[in-house]
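Trainee: Got model_16.cif for you, mmCIF, C-alpha atoms and all ligand atoms:
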data_coords
#
loop_
_atom_site.label_atom_id
_atom_site.label_comp_id
_atom_site.auth_asym_id
_atom_site.auth_seq_id
_atom_site.Cartn_x
_atom_site.Cartn_y
_atom_site.Cartn_z
CA MET Y 25 -42.27 -22.14 25.00
CA LYS Y 26 -43.63 -25.30 26.55
CA LYS Y 27 -45.62 -27.74 24.46
CA ILE Y 28 -48.94 -28.86 25.98
CA LEU Y 29 -51.03 -31.80 24.83
CA VAL Y 30 -54.76 -31.19 25.22
CA THR Y 31 -57.08 -34.19 24.91
CA GLY Y 32 -60.60 -33.21 23.93
CA GLY Y 33 -59.36 -29.76 22.92
CA CYS Y 34 -62.16 -29.30 20.37
CA GLY Y 35 -64.88 -29.68 23.02
CA PHE Y 36 -66.70 -26.97 24.95
CA ILE Y 37 -64.30 -26.58 27.89
CA GLY Y 38 -61.23 -27.89 26.05
CA SER Y 39 -61.53 -25.31 23.26
CA ASN Y 40 -61.93 -22.36 25.60
CA THR Y 41 -58.95 -23.57 27.63
CA SER Y 42 -56.88 -24.14 24.49
CA LEU Y 43 -57.49 -20.56 23.43
CA ALA Y 44 -56.38 -19.30 26.86
CA LEU Y 45 -53.19 -21.42 26.62
CA LEU Y 46 -52.39 -20.28 23.10
CA GLU Y 47 -52.91 -16.65 24.10
CA LYS Y 48 -50.45 -17.19 26.93
CA GLY Y 49 -47.88 -18.38 24.37
CA TYR Y 50 -47.97 -22.17 24.85
CA GLU Y 51 -47.59 -24.48 21.88
CA LEU Y 52 -50.54 -26.84 21.58
CA LEU Y 53 -51.09 -30.35 20.36
CA ILE Y 54 -54.80 -31.12 20.37
CA VAL Y 55 -55.81 -34.77 20.44
CA ASP Y 56 -59.49 -35.25 19.73
CA SER Y 57 -61.58 -38.11 18.31
CA LEU Y 58 -64.19 -35.57 17.08
CA VAL Y 59 -66.99 -37.93 18.18
CA ASN Y 60 -68.70 -35.06 19.95
CA SER Y 61 -66.82 -32.04 18.59
CA TYR Y 62 -65.84 -30.30 15.37
CA GLN Y 63 -62.54 -29.73 13.58
CA ILE Y 64 -63.50 -26.14 12.67
CA VAL Y 65 -62.90 -25.25 16.33
CA ILE Y 66 -59.15 -25.22 15.64
CA ASP Y 67 -59.54 -22.47 13.01
CA LYS Y 68 -61.70 -20.49 15.42
CA ILE Y 69 -59.09 -20.73 18.18
CA LYS Y 70 -56.34 -19.70 15.76
CA SER Y 71 -58.15 -16.70 14.41
CA LEU Y 72 -59.29 -15.50 17.85
CA CYS Y 73 -55.75 -15.73 19.17
CA PHE Y 74 -54.00 -14.13 16.23
CA GLU Y 75 -56.62 -11.39 15.88
CA LYS Y 76 -55.85 -10.22 19.38
CA ASN Y 77 -52.18 -10.96 19.28
CA PRO Y 78 -50.80 -11.01 15.70
CA GLU Y 79 -47.19 -11.37 16.80
CA ASN Y 80 -47.98 -14.67 18.52
CA THR Y 81 -46.32 -17.28 16.36
CA ASN Y 82 -47.11 -20.28 18.52
CA SER Y 83 -48.76 -23.17 16.88
CA ILE Y 84 -51.81 -25.29 17.46
CA LYS Y 85 -52.10 -28.64 15.73
CA LEU Y 86 -54.97 -31.13 15.71
CA ILE Y 87 -54.43 -34.88 15.67
CA ASN Y 88 -57.52 -36.98 15.21
CA CYS Y 89 -57.07 -39.83 17.68
CA ASP Y 90 -59.22 -41.79 20.08
CA LEU Y 91 -57.55 -42.45 23.43
CA LYS Y 92 -58.73 -46.05 23.24
CA ASP Y 93 -56.07 -46.47 20.51
CA ARG Y 94 -52.92 -46.76 22.59
CA ASN Y 95 -50.62 -47.31 19.60
CA ALA Y 96 -51.77 -44.10 17.96
CA LEU Y 97 -51.20 -42.26 21.21
CA GLU Y 98 -47.68 -43.67 21.51
CA LYS Y 99 -46.93 -42.49 18.00
CA ILE Y 100 -48.01 -38.95 18.91
CA PHE Y 101 -45.65 -38.86 21.90
CA LYS Y 102 -42.80 -40.45 19.93
CA GLU Y 103 -43.10 -37.97 17.07
CA SER Y 104 -43.41 -35.08 19.46
CA ASN Y 105 -40.14 -36.09 21.13
CA THR Y 106 -38.22 -36.14 17.84
CA ASP Y 107 -38.93 -32.47 17.11
CA GLY Y 108 -36.83 -31.41 20.10
CA ASN Y 109 -39.66 -29.94 22.13
CA LYS Y 110 -41.08 -32.65 24.41
CA ILE Y 111 -44.63 -32.46 25.71
CA SER Y 112 -44.42 -30.75 29.12
CA ALA Y 113 -47.94 -31.42 30.36
CA VAL Y 114 -51.25 -32.96 29.43
CA LEU Y 115 -54.62 -31.35 30.00
CA HIS Y 116 -57.07 -34.22 29.83
CA PHE Y 117 -60.63 -33.22 28.87
CA ALA Y 118 -61.51 -36.07 26.50
CA GLY Y 119 -64.35 -38.30 27.62
CA LEU Y 120 -68.04 -39.02 27.36
CA LYS Y 121 -70.14 -36.79 29.60
CA ALA Y 122 -73.89 -37.33 29.25
CA VAL Y 123 -75.30 -38.71 32.49
CA SER Y 124 -78.40 -40.21 30.81
CA ASP Y 125 -76.37 -41.95 28.08
CA SER Y 126 -74.09 -43.41 30.71
CA LEU Y 127 -77.09 -45.17 32.28
CA LEU Y 128 -78.06 -46.66 28.90
CA ASP Y 129 -74.59 -47.62 27.75
CA PRO Y 130 -72.25 -47.87 30.74
CA LEU Y 131 -69.66 -49.94 28.91
CA SER Y 132 -68.93 -47.14 26.46
CA TYR Y 133 -68.36 -44.83 29.42
CA TRP Y 134 -65.97 -47.23 31.15
CA SER Y 135 -64.10 -47.80 27.88
CA SER Y 136 -63.79 -44.19 26.74
CA ASN Y 137 -63.26 -42.59 30.11
CA VAL Y 138 -61.35 -45.16 32.16
CA LEU Y 139 -59.61 -47.24 29.50
CA GLY Y 140 -58.82 -44.06 27.54
CA THR Y 141 -57.24 -42.51 30.65
CA ILE Y 142 -55.27 -45.66 31.49
CA ASN Y 143 -53.83 -45.64 27.96
CA LEU Y 144 -52.94 -41.99 28.30
CA LEU Y 145 -51.26 -42.51 31.69
CA ASN Y 146 -49.26 -45.50 30.42
CA VAL Y 147 -48.00 -43.54 27.45
CA MET Y 148 -47.22 -40.49 29.57
CA ASP Y 149 -45.29 -42.73 31.94
CA LYS Y 150 -43.35 -44.33 29.10
CA PHE Y 151 -42.35 -40.97 27.63
CA GLU Y 152 -41.71 -39.43 31.03
CA CYS Y 153 -44.29 -36.72 30.77
CA LYS Y 154 -45.80 -36.72 34.23
CA THR Y 155 -47.68 -33.46 34.61
CA LEU Y 156 -51.43 -33.84 34.25
CA VAL Y 157 -54.52 -31.70 34.74
CA PHE Y 158 -57.63 -33.88 34.84
CA SER Y 159 -61.27 -32.85 34.26
CA SER Y 160 -63.33 -34.29 37.08
CA SER Y 161 -66.80 -33.31 38.15
CA ALA Y 162 -68.86 -32.30 41.15
CA THR Y 163 -71.10 -35.19 40.14
CA ILE Y 164 -68.83 -37.48 42.17
CA TYR Y 165 -70.02 -36.01 45.47
CA GLY Y 166 -72.63 -37.90 47.39
CA ILE Y 167 -76.00 -36.37 48.15
CA ASN Y 168 -75.66 -33.17 50.13
CA ASN Y 169 -78.39 -33.21 52.73
CA SER Y 170 -77.37 -29.90 54.23
CA LYS Y 171 -77.29 -26.56 52.42
CA GLU Y 172 -73.56 -26.36 52.99
CA ASN Y 173 -71.21 -25.68 50.13
CA LEU Y 174 -69.25 -28.76 49.12
CA LYS Y 175 -65.64 -29.00 50.22
CA GLU Y 176 -63.21 -31.25 48.38
CA SER Y 177 -63.25 -33.54 51.43
CA HIS Y 178 -67.02 -34.13 51.18
CA TYR Y 179 -67.80 -37.84 50.86
CA LYS Y 180 -68.08 -39.28 47.38
CA LYS Y 181 -70.92 -41.38 46.09
CA PRO Y 182 -71.62 -40.82 42.41
CA LEU Y 183 -75.13 -41.80 41.37
CA ASN Y 184 -74.51 -42.77 37.74
CA PRO Y 185 -71.91 -44.59 35.61
CA TYR Y 186 -70.55 -41.30 34.25
CA GLY Y 187 -69.80 -40.08 37.78
CA MET Y 188 -68.41 -43.50 38.73
CA THR Y 189 -65.89 -43.36 35.87
CA LYS Y 190 -64.71 -39.94 37.08
CA GLU Y 191 -64.36 -41.22 40.66
CA THR Y 192 -62.43 -44.28 39.44
CA ILE Y 193 -60.00 -42.13 37.46
CA GLU Y 194 -59.45 -39.96 40.53
CA LYS Y 195 -58.59 -43.13 42.50
CA ILE Y 196 -56.11 -44.24 39.83
CA LEU Y 197 -54.43 -40.84 39.97
CA ILE Y 198 -54.25 -40.99 43.77
CA ASN Y 199 -52.64 -44.46 43.49
CA LEU Y 200 -50.03 -43.13 41.07
CA ASN Y 201 -49.20 -40.33 43.42
CA SER Y 202 -48.97 -42.65 46.45
CA VAL Y 203 -46.06 -44.65 45.06
CA GLU Y 204 -42.91 -43.82 46.99
CA LYS Y 205 -40.54 -41.59 45.02
CA ASN Y 206 -42.99 -41.02 42.19
CA ASP Y 207 -42.58 -37.94 40.05
CA TRP Y 208 -46.18 -37.28 39.01
CA ARG Y 209 -47.60 -33.78 39.33
CA ILE Y 210 -51.37 -34.00 39.10
CA ALA Y 211 -54.26 -31.56 39.43
CA ILE Y 212 -57.78 -32.95 39.69
CA LEU Y 213 -60.31 -30.22 38.92
CA ARG Y 214 -63.91 -30.83 39.93
CA TYR Y 215 -66.17 -28.64 37.83
CA PHE Y 216 -69.58 -27.55 38.98
CA ASN Y 217 -72.02 -26.51 36.19
CA PRO Y 218 -70.15 -24.98 33.23
CA ILE Y 219 -72.19 -22.65 31.02
CA GLY Y 220 -71.54 -19.45 29.04
CA ALA Y 221 -69.35 -19.17 25.96
CA HIS Y 222 -66.33 -17.21 24.81
CA THR Y 223 -67.26 -13.49 24.88
CA SER Y 224 -66.54 -13.22 21.14
CA GLY Y 225 -69.46 -15.55 20.45
CA GLU Y 226 -67.10 -17.76 18.43
CA LEU Y 227 -66.50 -20.65 20.84
CA GLY Y 228 -69.33 -22.35 22.66
CA GLU Y 229 -71.20 -25.53 23.43
CA SER Y 230 -72.27 -27.47 20.35
CA PRO Y 231 -73.35 -30.98 21.35
CA LYS Y 232 -73.75 -33.49 18.51
CA ASN Y 233 -76.44 -35.40 20.38
CA THR Y 234 -79.64 -34.09 22.00
CA PRO Y 235 -78.64 -31.99 25.00
CA ASN Y 236 -79.86 -32.80 28.51
CA ASN Y 237 -78.23 -29.90 30.30
CA ILE Y 238 -80.20 -26.84 31.15
CA MET Y 239 -78.40 -24.07 29.25
CA PRO Y 240 -78.56 -25.65 25.76
CA ILE Y 241 -82.26 -26.29 26.43
CA ILE Y 242 -82.93 -22.70 27.56
CA ASN Y 243 -81.17 -21.54 24.39
CA SER Y 244 -83.32 -23.77 22.22
CA VAL Y 245 -86.45 -22.29 23.83
CA ALA Y 246 -85.06 -18.79 23.27
CA SER Y 247 -84.45 -19.53 19.60
CA GLY Y 248 -87.98 -20.90 19.16
CA GLU Y 249 -86.77 -24.42 18.42
CA ARG Y 250 -88.57 -25.67 21.55
CA GLU Y 251 -91.83 -24.32 22.84
CA TYR Y 252 -91.01 -24.36 26.54
CA LEU Y 253 -88.60 -25.63 29.18
CA ASN Y 254 -89.62 -28.50 31.40
CA ILE Y 255 -88.51 -27.75 34.94
CA PHE Y 256 -87.88 -30.99 36.76
CA GLY Y 257 -89.77 -30.47 39.99
CA ASN Y 258 -90.90 -27.48 42.04
CA ASP Y 259 -91.24 -29.34 45.29
CA TRP Y 260 -87.60 -29.27 46.40
CA ASN Y 261 -86.76 -27.76 49.75
CA THR Y 262 -85.30 -24.54 48.28
CA LEU Y 263 -86.31 -20.87 48.13
CA ASP Y 264 -88.62 -21.37 45.13
CA GLY Y 265 -88.90 -25.17 45.02
CA THR Y 266 -86.41 -25.66 42.15
CA PRO Y 267 -82.90 -27.16 42.57
CA ILE Y 268 -79.84 -25.04 43.25
CA ARG Y 269 -76.67 -25.29 41.18
CA ASP Y 270 -73.35 -23.48 41.01
CA TYR Y 271 -73.15 -22.27 37.40
CA ILE Y 272 -69.68 -21.25 36.29
CA HIS Y 273 -68.56 -19.36 33.17
CA VAL Y 274 -66.49 -21.50 30.81
CA MET Y 275 -63.82 -18.77 30.54
CA ASP Y 276 -63.35 -18.82 34.31
CA LEU Y 277 -62.99 -22.59 34.11
CA ALA Y 278 -60.39 -22.17 31.37
CA ASP Y 279 -58.45 -19.80 33.59
CA GLY Y 280 -58.64 -22.36 36.40
CA HIS Y 281 -56.88 -24.91 34.16
CA LEU Y 282 -54.14 -22.50 33.25
CA LYS Y 283 -53.56 -21.64 36.90
CA ALA Y 284 -53.61 -25.32 37.95
CA MET Y 285 -51.07 -26.25 35.28
CA GLU Y 286 -48.76 -23.39 36.19
CA HIS Y 287 -49.09 -24.34 39.86
CA LEU Y 288 -47.87 -27.84 38.96
CA PHE Y 289 -44.98 -26.46 36.92
CA LYS Y 290 -43.83 -24.62 40.05
CA SER Y 291 -43.79 -27.74 42.23
CA SER Y 292 -40.36 -29.28 42.35
CA GLU Y 293 -41.59 -32.52 43.88
CA SER Y 294 -44.39 -34.92 43.14
CA ASN Y 295 -47.70 -33.39 43.91
CA LEU Y 296 -51.43 -34.09 43.73
CA VAL Y 297 -54.00 -31.40 44.27
CA THR Y 298 -57.78 -31.77 44.11
CA VAL Y 299 -59.68 -28.55 43.65
CA ASN Y 300 -63.31 -27.52 43.15
CA LEU Y 301 -63.97 -25.02 40.38
CA GLY Y 302 -67.23 -23.23 41.07
CA THR Y 303 -68.29 -19.69 41.96
CA GLY Y 304 -69.50 -20.63 45.43
CA ILE Y 305 -72.85 -18.99 44.57
CA GLY Y 306 -75.97 -21.08 44.11
CA LYS Y 307 -78.82 -20.23 41.74
CA SER Y 308 -82.14 -22.03 41.39
CA VAL Y 309 -83.50 -23.08 38.02
CA LEU Y 310 -86.10 -20.30 38.20
CA GLN Y 311 -83.47 -17.71 39.10
CA LEU Y 312 -81.35 -18.80 36.14
CA ILE Y 313 -84.32 -18.48 33.77
CA HIS Y 314 -85.21 -15.04 35.08
CA VAL Y 315 -81.65 -13.73 34.70
CA PHE Y 316 -81.54 -15.12 31.15
CA GLU Y 317 -84.84 -13.39 30.33
CA GLU Y 318 -83.68 -10.11 31.82
CA VAL Y 319 -80.24 -9.82 30.21
CA ASN Y 320 -81.32 -11.06 26.78
CA ASN Y 321 -84.78 -9.56 26.77
CA ILE Y 322 -86.35 -12.86 25.67
CA SER Y 323 -89.16 -14.69 27.37
CA ILE Y 324 -88.56 -18.35 28.32
CA PRO Y 325 -91.86 -20.18 28.77
CA TYR Y 326 -91.66 -23.09 31.19
CA ARG Y 327 -93.78 -25.81 32.75
CA PHE Y 328 -93.20 -27.86 35.84
CA SER Y 329 -92.89 -31.60 35.48
CA SER Y 330 -91.92 -34.32 37.92
CA ARG Y 331 -88.41 -34.64 39.33
CA ARG Y 332 -85.74 -36.14 37.08
CA ALA Y 333 -84.28 -39.41 38.38
CA GLY Y 334 -80.91 -38.89 40.03
CA ASP Y 335 -81.26 -35.11 40.48
CA ILE Y 336 -80.12 -33.53 43.71
CA GLU Y 337 -81.39 -30.51 45.55
CA TYR Y 338 -78.31 -28.44 46.25
CA SER Y 339 -74.86 -28.50 44.66
CA VAL Y 340 -72.63 -25.49 45.30
CA ALA Y 341 -68.85 -25.37 45.60
CA ASP Y 342 -66.75 -24.32 48.50
CA ASN Y 343 -64.06 -22.71 46.32
CA GLN Y 344 -61.71 -21.53 49.06
CA LYS Y 345 -59.01 -24.01 48.08
CA ALA Y 346 -58.92 -22.86 44.45
CA LYS Y 347 -58.63 -19.27 45.63
CA GLU Y 348 -55.84 -19.95 48.11
CA LEU Y 349 -53.82 -22.61 46.33
CA LEU Y 350 -54.19 -21.55 42.70
CA ASN Y 351 -54.77 -17.86 43.24
CA TRP Y 352 -57.86 -18.27 41.08
CA LYS Y 353 -61.20 -16.56 41.37
CA PRO Y 354 -64.23 -16.44 39.14
CA ASN Y 355 -64.51 -13.11 37.31
CA LYS Y 356 -67.85 -13.54 35.62
CA ASP Y 357 -71.30 -13.62 37.16
CA ILE Y 358 -74.57 -15.28 36.21
CA LYS Y 359 -75.56 -12.33 34.00
CA ASP Y 360 -72.35 -12.68 31.95
CA MET Y 361 -72.98 -16.43 31.66
CA CYS Y 362 -76.53 -15.96 30.35
CA LYS Y 363 -75.51 -13.14 28.00
CA ASP Y 364 -72.55 -15.01 26.53
CA SER Y 365 -74.49 -18.27 26.14
CA TRP Y 366 -77.18 -16.54 24.09
CA ASN Y 367 -74.66 -14.44 22.14
CA TRP Y 368 -72.98 -17.67 20.99
CA VAL Y 369 -76.26 -19.38 20.05
CA SER Y 370 -77.75 -16.38 18.29
CA LYS Y 371 -74.57 -15.97 16.23
CA ASN Y 372 -74.34 -19.73 15.53
CA PRO Y 373 -77.88 -21.17 15.51
CA ASN Y 374 -76.56 -24.57 14.40
CA GLY Y 375 -73.46 -24.49 16.54
CA TYR Y 376 -70.48 -25.58 14.47
CA SER Y 377 -72.44 -28.08 12.43
CA ASP Y 378 -72.94 -25.96 9.32
CA LYS Y 379 -69.42 -24.59 9.33
N1 LIG X 1 -83.11 -28.97 34.53
C1 LIG X 1 -84.46 -28.75 34.26
N2 LIG X 1 -84.90 -28.99 33.02
C2 LIG X 1 -84.10 -29.45 32.01
C3 LIG X 1 -82.73 -29.67 32.29
C4 LIG X 1 -82.28 -29.43 33.57
O1 LIG X 1 -85.23 -28.35 35.13
O2 LIG X 1 -84.58 -29.67 30.89
C5 LIG X 1 -82.62 -28.70 35.89
C6 LIG X 1 -82.11 -29.93 36.61
O3 LIG X 1 -83.15 -30.56 37.30
C7 LIG X 1 -81.06 -29.32 37.54
C8 LIG X 1 -80.53 -28.11 36.78
O4 LIG X 1 -81.49 -27.82 35.77
O5 LIG X 1 -81.69 -28.87 38.70
C9 LIG X 1 -79.19 -28.35 36.12
O6 LIG X 1 -79.29 -29.53 35.34
P1 LIG X 1 -78.16 -29.96 34.31
O7 LIG X 1 -78.63 -31.19 33.63
O8 LIG X 1 -77.77 -28.81 33.48
O9 LIG X 1 -76.93 -30.25 35.26
P2 LIG X 1 -76.77 -31.27 36.49
O10 LIG X 1 -76.51 -30.45 37.70
O11 LIG X 1 -77.86 -32.23 36.55
O12 LIG X 1 -75.47 -32.07 36.05
C10 LIG X 1 -74.40 -31.36 35.52
C11 LIG X 1 -73.74 -32.14 34.42
C12 LIG X 1 -72.97 -33.28 34.94
C13 LIG X 1 -72.04 -32.80 35.97
C14 LIG X 1 -72.77 -32.08 37.06
C15 LIG X 1 -71.81 -31.50 38.04
O13 LIG X 1 -74.70 -32.64 33.52
O14 LIG X 1 -72.23 -33.84 33.91
O15 LIG X 1 -73.52 -31.01 36.52
O16 LIG X 1 -72.38 -31.34 39.26
F1 LIG X 1 -71.39 -33.83 36.48
#
I'd like the structure from this file rewritten - as structure tokens, please.

Mentor:
Amino acid sequence: MKKILVTGGCGFIGSNTSLALLEKGYELLIVDSLVNSYQIVIDKIKSLCFEKNPENTNSIKLINCDLKDRNALEKIFKESNTDGNKISAVLHFAGLKAVSDSLLDPLSYWSSNVLGTINLLNVMDKFECKTLVFSSSATIYGINNSKENLKESHYKKPLNPYGMTKETIEKILINLNSVEKNDWRIAILRYFNPIGAHTSGELGESPKNTPNNIMPIINSVASGEREYLNIFGNDWNTLDGTPIRDYIHVMDLADGHLKAMEHLFKSSESNLVTVNLGTGIGKSVLQLIHVFEEVNNISIPYRFSSRRAGDIEYSVADNQKAKELLNWKPNKDIKDMCKDSWNWVSKNPNGYSDK
């Protein structure tokens, strides 16, 4: 079976995707610096996979490596080639992802995200492994003044250094693919708002730094760690005054990666596809809170505060391309997302940190 290298495979989306790949029978090499993730994730993936499928003898191996270290990366590819099963594709999740941190420390974001990716691409090129699935983000789209769902062709104007690094990497990948007679096969996946957790409650989001995203904050209110949720503005031009987002279950995202990779494997020629991964359904902050309260039977106190700098009113995917090209569709709805998020947190109140 093919060997896949997953960068950032211990992270929230990387770990759920790694489990899906292992269950499908792929052999996995996880490369992770563990700066914002935990090694224990590998044991969780293994036991979840082998519990369900004991005859699966495929392996998953973790290598602790930062993509900024090009020599270490070269060594990984070199050693992988000597065991007779070359790396067939790379799924590239590794990177820094907190919008607010990127405003405070942009250089770290350019180094980890862009330099890290350039190192990865150089090494892939050298070892002739040219199939890549890249984690991009809906954050690269410019402000959407209409209430239309965002198509991949929507203009790009990221508002923060994090988004700018993602846009820059997309441009590098487009350059690679524009070279005449190139043999790169690349999928750029633009995620909307990933939430939820693996349905087992064993794999979820466990940020090492203080979270800024809404679902970890709702969970901390639910667990009593925080008194209430601050809603950033109720004066937006939406049904209830709070911003609309396209929340997507992490297991659906994982499936999107699998389908994108297998789509690339089927292309005989060089190829570059850019695809939104979202449900196509928008929910306001208040709607999200109310669904969470209903499915988990927990009250989430909230207060309104002023708008957060850089927030936008409406961000929902047009996911037609993913459906047609990748034969992908989201299978889980907002209730599943809220239920699975809380199931993970209630089973693991400290995330992975005490494991
Ligand atoms: N929100 C609150 N209170 C909070 C946190 C968030 O009201 O304490 C609101 C925000 O104003 C926004 C919504 O909840 O309306 C979602 O906010 P998140 O921070 O969870 O997500 P964003 O849409 O702002 O950004 C996220 C990721 C980015 C990613 C982007 C993709 O943080 O990395 O989605 O569109 F790029």

Trainee: Quick one, how far is CA of Asn243 in chain Y from CA of Leu282 in chain Y?

Mentor: 28.5 Å

Trainee: Collect all residues with atoms no farther than 6 Å from ligand LIG 1 (chain X), counting all atoms listed in the file, and output them as a PyMOL selection string.

Mentor: chain Y and resi 121+123+161-163+216-217+236-238+253-256+267+309+335

Trainee: From the list Y:Tyr186, Y:Phe101, Y:Phe117, Y:Tyr179, which residue is nearest Ser132 in chain Y when using only C-alpha atoms?

Mentor: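 Ranking Y:Tyr186, Y:Phe101, Y:Phe117, Y:Tyr179 by distance to Ser132 in chain Y, first place goes to Y:Tyr186.
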
Trainee: For Ser136 in chain Y, which residue among Y:Lys347, Y:Arg327, Y:Lys92, Y:Lys150 is the nearest when counting only C-alpha atoms?

Mentor: Y:Lys92

Trainee: As an exercise, work out the distance from CA of Asn372 in chain Y to CA of Met275 in chain Y in Å and give it to one decimal place.

Mentor: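 For CA of Asn372 in chain Y relative to CA of Met275 in chain Y, the distance reads 18.4 Å.
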
Trainee: Please list as a PyMOL selection string every residue within 6 Å of range 226-231 of chain Y, counting only C-alpha atoms and excluding residues in the same chain fewer than 5 positions away.

Mentor: chain Y and resi 36+221+375

Trainee: As a CSV table (one decimal) with C-alpha atoms, keeping the file's coordinate frame, please: the residues near range 45-60 of chain Y (cut-off 8 Å, only C-alpha atoms, same-chain neighbours under 5 positions excluded).

Mentor:
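Just written: part.csv:
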chain,number,residue,atom,x,y,z
Y,25,MET,CA,-42.3,-22.1,25.0
Y,26,LYS,CA,-43.6,-25.3,26.6
Y,27,LYS,CA,-45.6,-27.7,24.5
Y,28,ILE,CA,-48.9,-28.9,26.0
Y,29,LEU,CA,-51.0,-31.8,24.8
Y,30,VAL,CA,-54.8,-31.2,25.2
Y,31,THR,CA,-57.1,-34.2,24.9
Y,32,GLY,CA,-60.6,-33.2,23.9
Y,33,GLY,CA,-59.4,-29.8,22.9
Y,34,CYS,CA,-62.2,-29.3,20.4
Y,35,GLY,CA,-64.9,-29.7,23.0
Y,73,CYS,CA,-55.8,-15.7,19.2
Y,77,ASN,CA,-52.2,-11.0,19.3
Y,80,ASN,CA,-48.0,-14.7,18.5
Y,82,ASN,CA,-47.1,-20.3,18.5
Y,83,SER,CA,-48.8,-23.2,16.9
Y,84,ILE,CA,-51.8,-25.3,17.5
Y,85,LYS,CA,-52.1,-28.6,15.7
Y,86,LEU,CA,-55.0,-31.1,15.7
Y,87,ILE,CA,-54.4,-34.9,15.7
Y,88,ASN,CA,-57.5,-37.0,15.2
Y,89,CYS,CA,-57.1,-39.8,17.7
Y,90,ASP,CA,-59.2,-41.8,20.1
Y,91,LEU,CA,-57.6,-42.4,23.4
Y,118,ALA,CA,-61.5,-36.1,26.5
Y,231,PRO,CA,-73.4,-31.0,21.4
Y,232,LYS,CA,-73.8,-33.5,18.5
Y,233,ASN,CA,-76.4,-35.4,20.4
Y,282,LEU,CA,-54.1,-22.5,33.2

Trainee: Y:Leu277, Y:Ile210, Y:Ile219, Y:Met285: which is nearest Asp360 in chain Y, counting only C-alpha atoms?

Mentor: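 The answer is Y:Ile219, which sits nearest to Asp360 in chain Y.
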
Trainee: Please provide as a PyMOL selection string all residues within 9 Å of Asn258 in chain Y, with the sequence filter that same-chain residues fewer than 5 positions apart are discarded (counting all atoms listed in the file).

Mentor: chain Y and resi 264-267+328-331

Trainee: How many Å lie between CA of Thr192 in chain Y and CA of Val114 in chain Y, rounded to one decimal?

Mentor: 18.8 Å

Trainee: Fix up range 75-85 of chain Y with N, CA, C and O atoms, then write it as a tab-separated table (two decimals), keeping the file's coordinate frame.

Mentor:
chain	number	residue	atom	x	y	z
Y	75	GLU	N	-55.93	-12.68	16.00
Y	75	GLU	CA	-56.62	-11.39	15.88
Y	75	GLU	C	-56.17	-10.45	17.00
Y	75	GLU	O	-55.82	-9.30	16.79
Y	76	LYS	N	-56.17	-11.01	18.20
Y	76	LYS	CA	-55.85	-10.22	19.38
Y	76	LYS	C	-54.34	-9.99	19.51
Y	76	LYS	O	-53.90	-9.00	20.05
Y	77	ASN	N	-53.60	-10.93	18.98
Y	77	ASN	CA	-52.18	-10.96	19.28
Y	77	ASN	C	-51.40	-11.41	18.04
Y	77	ASN	O	-50.89	-12.54	18.01
Y	78	PRO	N	-51.34	-10.56	16.99
Y	78	PRO	CA	-50.80	-11.01	15.70
Y	78	PRO	C	-49.34	-11.45	15.75
Y	78	PRO	O	-48.92	-12.23	14.92
Y	79	GLU	N	-48.61	-10.98	16.75
Y	79	GLU	CA	-47.19	-11.37	16.80
Y	79	GLU	C	-46.99	-12.75	17.42
Y	79	GLU	O	-45.89	-13.28	17.45
Y	80	ASN	N	-48.08	-13.33	17.92
Y	80	ASN	CA	-47.98	-14.67	18.52
Y	80	ASN	C	-47.77	-15.71	17.42
Y	80	ASN	O	-48.64	-15.91	16.57
Y	81	THR	N	-46.62	-16.34	17.44
Y	81	THR	CA	-46.32	-17.28	16.36
Y	81	THR	C	-46.44	-18.72	16.83
Y	81	THR	O	-46.01	-19.64	16.15
Y	82	ASN	N	-47.00	-18.90	18.02
Y	82	ASN	CA	-47.11	-20.28	18.52
Y	82	ASN	C	-48.12	-21.07	17.72
Y	82	ASN	O	-49.06	-20.54	17.17
Y	83	SER	N	-47.92	-22.37	17.77
Y	83	SER	CA	-48.76	-23.17	16.88
Y	83	SER	C	-49.77	-24.00	17.65
Y	83	SER	O	-49.62	-24.27	18.85
Y	84	ILE	N	-50.81	-24.37	16.94
Y	84	ILE	CA	-51.81	-25.29	17.46
Y	84	ILE	C	-52.04	-26.32	16.36
Y	84	ILE	O	-52.24	-25.96	15.20
Y	85	LYS	N	-51.97	-27.59	16.74
Y	85	LYS	CA	-52.10	-28.64	15.73
Y	85	LYS	C	-53.10	-29.68	16.22
Y	85	LYS	O	-53.08	-30.05	17.40
